[in-house]
Number of protein chains: 2
Amino acid sequence: MARHISIEHGEGGEMTHELIRDLFVKYFGHAEEAKFDAAVLDLPGSRIAFTTDTFTVKPPFFSGGNIGKLAVAGTVNDLAVSGAEPLYLSAGFVLEEGLSFDDLERIVASMAEEASKTGVRIITGDTKVVEKGSADKIFINTSGVGVVHPGWELHPEDIEEGDVVIVNGTIGDHGVAILAARGELGVATDLPTDSTSLYPLIRAVRDAGVRIRVMRDPTRGGLATTLVEITEDFGVIVELDQEAIPLKPEVEGACEILGLDPLFLANEGKVVFIVPEADAEKALAAMRAREEGRDATIIGRVVGRSEEGKLLLRSPVGSRRRIFRLLGMQLPRIC
Amino acid sequence: MARHISIEHGEGGEMTHELIRDLFVKYFGHAEEAKFDAAVLDLPGSRIAFTTDTFTVKPPFFSGGNIGKLAVAGTVNDLAVSGAEPLYLSAGFVLEEGLSFDDLERIVASMAEEASKTGVRIITGDTKVVEKGSADKIFINTSGVGVVHPGWELHPEDIEEGDVVIVNGTIGDHGVAILAARGELGVATDLPTDSTSLYPLIRAVRDAGVRIRVMRDPTRGGLATTLVEITEDFGVIVELDQEAIPLKPEVEGACEILGLDPLFLANEGKVVFIVPEADAEKALAAMRAREEGRDATIIGRVVGRSEEGKLLLRSPVGSRRRIFRLLGMQLPRIC
């Protein structure tokens, strides 16, 4: 039977992973660069990071933001977690005929505002318009270029037993904000998305002298999928402490009502770090001094090495279970 | 009355021009870099070019190519005409639920093949899937990074009276190929798209020692729109010789039947150069030695300077008329 693309292929779980492996890696070639959120490339005199992301979030407006803010912060964050200083973004728009000019202007204004927070410039763009019914209002691709300054490289090869896993705040906020905007929560909440540009926070951690082994932003697929990927890509075993993972009451409530796992809910303003235990307090202090890092905390540890990688979750009663990618995911079109 | 986005906003004509001016330039800031098809940016030790393009061509398969080939060649060409050596591409996919895996594989294979012609690497990517009816089969964004080697900069400021305008072959082929694939021609033709990566040809012209003042690829909006933009951006008056513009009989025939102007039909494998008259023969010889430059010819001249810029067309009987952008364009979703 002929295979077809299904919604699950786009949700960041096992089926997305397989699609990438069976198609994109097969034809475009596997690259070491693919182990980071942005490709890190050597040019004459410069090491740059280069990344791309397309945003199709539904609906395009939601509490605390819109697709434009997401598109800028998302690509800024992919560059930042790859060890780069984000410098330049591109913006490619697909607009559905009939989109109101006012909505487009609000989105573009948000993009400019979000870009100014990090000091990135939106420097090149493209606009396509398709007939009514051939797209859903607006899709935005942002690609980005940053510079990896000498000494800014990450060192996942140095990860060792005892290293700590830190997140800068509560998880799942973005997922719940989108569910609420879709009217799918059943309960009223105006919990805003956590979408924000993380470069200033990451810069503060770096400036504090923290040796960052690796960092990633747990967007589509959530904290669990991101940590599964880290363990696989760098051959380590990570144990999370379930009780330590910060959750807002609204997120906990929504997950209970809908049977969702917050570990797999999308975030748009979170970063997970692995750092040496000796640097943990420095890292936490640097983060907690900032609004977007106020709830920073240690959520787990590296407990060993294993070629295939392994993510474990320790429950409040002390039992351990292994966490895998979901096959599809819980929420389509979350970003 | 509230303004809305219409198909004409995406077709590369006057309305696209206004949208860019009223929205993107207003919020993202005008930049000298925007005068080229890619932004040219200085990094420590390197000058790079950075560009983006989203492809929504309908249908995705047509004679001589598909959306994947177009997406790679298009971005390679934007880098190449900006004076860069294309190095790295990103690929961002929006897939409609239900797209066949086989179609996607053909498209991805075409991308890999086209990338190999120039030696660019597709190094970072993203995939989103949207519900059936929320996109039209497949949209692809490609962004690209290239290096502008020392001495490779373009010199539009040196343009002077007597400089010649050269194109590497027949115009309008891509537009007619897409019309035929849509069944809108009324006559059968299997005229293939001219889509191809132009870096090797541009490299050959450069290696021949030609002083390239400026070059651009006349895609959406066609030869006329591209030349209007050149005259505006660099304050020159260009006169085209209508009889000198190379046209395939199929394109001439299709334009007569449908009342289209080939000067505004899209091309995907053409480049327009402005070079000093003294370098014209060298440039033509370098191009004609290659398949994609076999029909290279001089189509016009720079006849003066004017702050607002001006494009003139000299008819076979010697009369001159000024050419402006079309308001909308003749063909939506051509690339």
# chains A, B, ... in the order shown; residues from 1 in each chain; ligands from 1
call {"tool": "interface_residues", "arguments": {"of": "chain B", "to": "chain A", "cutoff": "7 Å", "atoms": "only C-alpha atoms", "output": "ChimeraX atom specification"}}
result
/B:3-7,9-10,23,27-28,34,38-39,43-46,51-54,90,92,97-101,105,108-109,112,122-131,133-136,141,143,333
call {"tool": "select_by_dssp", "arguments": {"residues": "region 77-253 of chain B", "states": "strand (DSSP E)", "output": "short mmCIF file (atom, residue, chain, number, x, y, z; two decimals) with C-alpha atoms, in the first residue's frame"}}
result
data_model
loop_
_atom_site.label_atom_id
_atom_site.label_comp_id
_atom_site.auth_asym_id
_atom_site.auth_seq_id
_atom_site.Cartn_x
_atom_site.Cartn_y
_atom_site.Cartn_z
CA GLU B 85 29.69 31.12 -3.90
CA PRO B 86 26.63 29.18 -2.66
CA LEU B 87 27.63 26.83 0.18
CA TYR B 88 24.80 25.81 2.47
CA LEU B 89 21.02 25.52 2.18
CA SER B 90 18.26 24.96 4.69
CA ALA B 91 15.00 23.22 3.74
CA GLY B 92 11.71 23.90 5.55
CA PHE B 93 8.76 21.76 4.47
CA VAL B 94 5.05 22.34 4.99
CA LEU B 95 3.31 19.10 4.02
CA GLU B 96 -0.43 18.60 3.61
CA ARG B 121 24.97 21.07 1.07
CA ILE B 122 21.44 20.95 2.48
CA ILE B 123 22.54 21.15 6.06
CA THR B 124 19.54 21.98 8.26
CA GLY B 125 15.83 21.41 7.91
CA ASP B 126 12.37 21.38 9.41
CA THR B 127 9.12 19.58 8.64
CA LYS B 128 5.60 20.61 9.54
CA VAL B 129 2.43 18.72 8.61
CA VAL B 130 -0.95 20.48 8.43
CA ILE B 138 3.63 20.90 -0.34
CA PHE B 139 5.36 24.23 0.24
CA ILE B 140 9.15 24.41 0.56
CA ASN B 141 11.24 27.21 2.00
CA THR B 142 14.92 27.19 1.19
CA SER B 143 17.30 29.67 2.72
CA GLY B 144 20.92 29.84 1.75
CA VAL B 145 24.32 31.01 2.88
CA GLY B 146 27.24 31.68 0.58
CA VAL B 147 30.61 33.35 0.76
CA VAL B 164 25.46 46.14 -22.25
CA VAL B 165 22.62 44.00 -20.90
CA ILE B 166 23.07 40.29 -21.53
CA VAL B 167 20.75 37.35 -20.87
CA VAL B 214 25.37 43.75 -11.46
CA MET B 215 23.41 40.58 -12.17
CA ARG B 216 19.96 39.26 -11.23
CA VAL B 236 20.02 54.08 -14.52
CA ILE B 237 18.12 54.14 -17.82
CA VAL B 238 18.14 50.86 -19.74
CA GLU B 239 16.90 50.44 -23.28
CA LEU B 240 15.92 46.95 -24.40
CA ASP B 241 15.87 45.92 -28.05
#
call {"tool": "residues_around", "arguments": {"residues": "Val275 (chain A)", "least_positions_apart": "3", "cutoff": "7 Å", "atoms": "only C-alpha atoms", "output": "list in words"}}
result
Asp163, Val164, Val165, Arg211, Ile212, Arg213, Asp279 and Ala280 of chain A
call {"tool": "select_by_dssp", "arguments": {"residues": "region 45-231 of chain B", "states": "alpha helix (DSSP H)", "output": "number ranges by chain"}}
result
B: 67-81, 101-118, 173-181, 199-207, 222-231
call {"tool": "atom_distance", "arguments": {"atom1": "CA of Val272 (chain A)", "atom2": "CA of Gly304 (chain A)"}}
result
18.2 Å
call {"tool": "residues_around", "arguments": {"residues": "Ile245 (chain A)", "least_positions_apart": "6", "cutoff": "12 Å", "atoms": "only C-alpha atoms", "output": "list in words"}}
result
Val165, Ile166, Val167, Asn168, Gly169, Thr170, Ile171, Gly172, Leu223, Ala224, Glu239, Glu252, Pro262, Leu263, Val272, Asp295, Ala296, Thr297, Ile298, Ile299, Gly300, Leu313, Arg314, Ser315 and Pro316 of chain A
call {"tool": "residues_around", "arguments": {"residues": "Val187 (chain A)", "least_positions_apart": "4", "cutoff": "9 Å", "atoms": "only C-alpha atoms", "output": "ChimeraX atom specification"}}
result
/A:180,183,254
call {"tool": "atom_distance", "arguments": {"atom1": "CA of Arg182 (chain A)", "atom2": "CA of Thr225 (chain A)"}}
result
23.7 Å
call {"tool": "atom_distance", "arguments": {"atom1": "CA of Asp190 (chain A)", "atom2": "CA of Gly175 (chain A)"}}
result
12.4 Å
call {"tool": "residues_around", "arguments": {"residues": "Leu198 (chain B)", "least_positions_apart": "6", "cutoff": "8 Å", "atoms": "only C-alpha atoms", "output": "PyMOL selection string"}}
result
chain B and resi 73+76-77+80+269-271
call {"tool": "write_last_selection", "arguments": {"atoms": "N, CA and C atoms", "output": "mmCIF file, in the first residue's frame"}}
result
data_model
loop_
_atom_site.group_PDB
_atom_site.id
_atom_site.type_symbol
_atom_site.label_atom_id
_atom_site.label_comp_id
_atom_site.auth_asym_id
_atom_site.auth_seq_id
_atom_site.Cartn_x
_atom_site.Cartn_y
_atom_site.Cartn_z
ATOM 1 N N ALA B 73 17.464 25.224 -6.867
ATOM 2 C CA ALA B 73 18.065 26.086 -7.901
ATOM 3 C C ALA B 73 17.751 27.554 -7.618
ATOM 4 N N VAL B 76 20.044 28.783 -4.749
ATOM 5 C CA VAL B 76 21.417 28.811 -5.286
ATOM 6 C C VAL B 76 21.587 30.033 -6.183
ATOM 7 N N ASN B 77 20.585 30.295 -7.015
ATOM 8 C CA ASN B 77 20.699 31.405 -7.962
ATOM 9 C C ASN B 77 20.669 32.768 -7.267
ATOM 10 N N ALA B 80 24.077 33.196 -5.989
ATOM 11 C CA ALA B 80 25.062 33.362 -7.061
ATOM 12 C C ALA B 80 24.981 34.753 -7.679
ATOM 13 N N GLY B 269 15.927 29.775 -14.802
ATOM 14 C CA GLY B 269 17.295 29.392 -15.149
ATOM 15 C C GLY B 269 17.959 30.483 -15.994
ATOM 16 N N LYS B 270 17.534 31.717 -15.716
ATOM 17 C CA LYS B 270 18.081 32.839 -16.483
ATOM 18 C C LYS B 270 18.727 33.859 -15.554
ATOM 19 N N VAL B 271 19.743 34.513 -16.117
ATOM 20 C CA VAL B 271 20.409 35.591 -15.375
ATOM 21 C C VAL B 271 20.647 36.743 -16.335
#
call {"tool": "closest_residue", "arguments": {"among": "B:Leu227, B:Val205, B:Leu260, B:Ala181", "to": "Pro59 (chain B)", "atoms": "only C-alpha atoms"}}
result
B:Ala181
call {"tool": "residues_around", "arguments": {"residues": "Glu161 (chain A)", "least_positions_apart": "5", "cutoff": "8 Å", "atoms": "only C-alpha atoms", "output": "PyMOL selection string"}}
result
chain A and resi 301-305
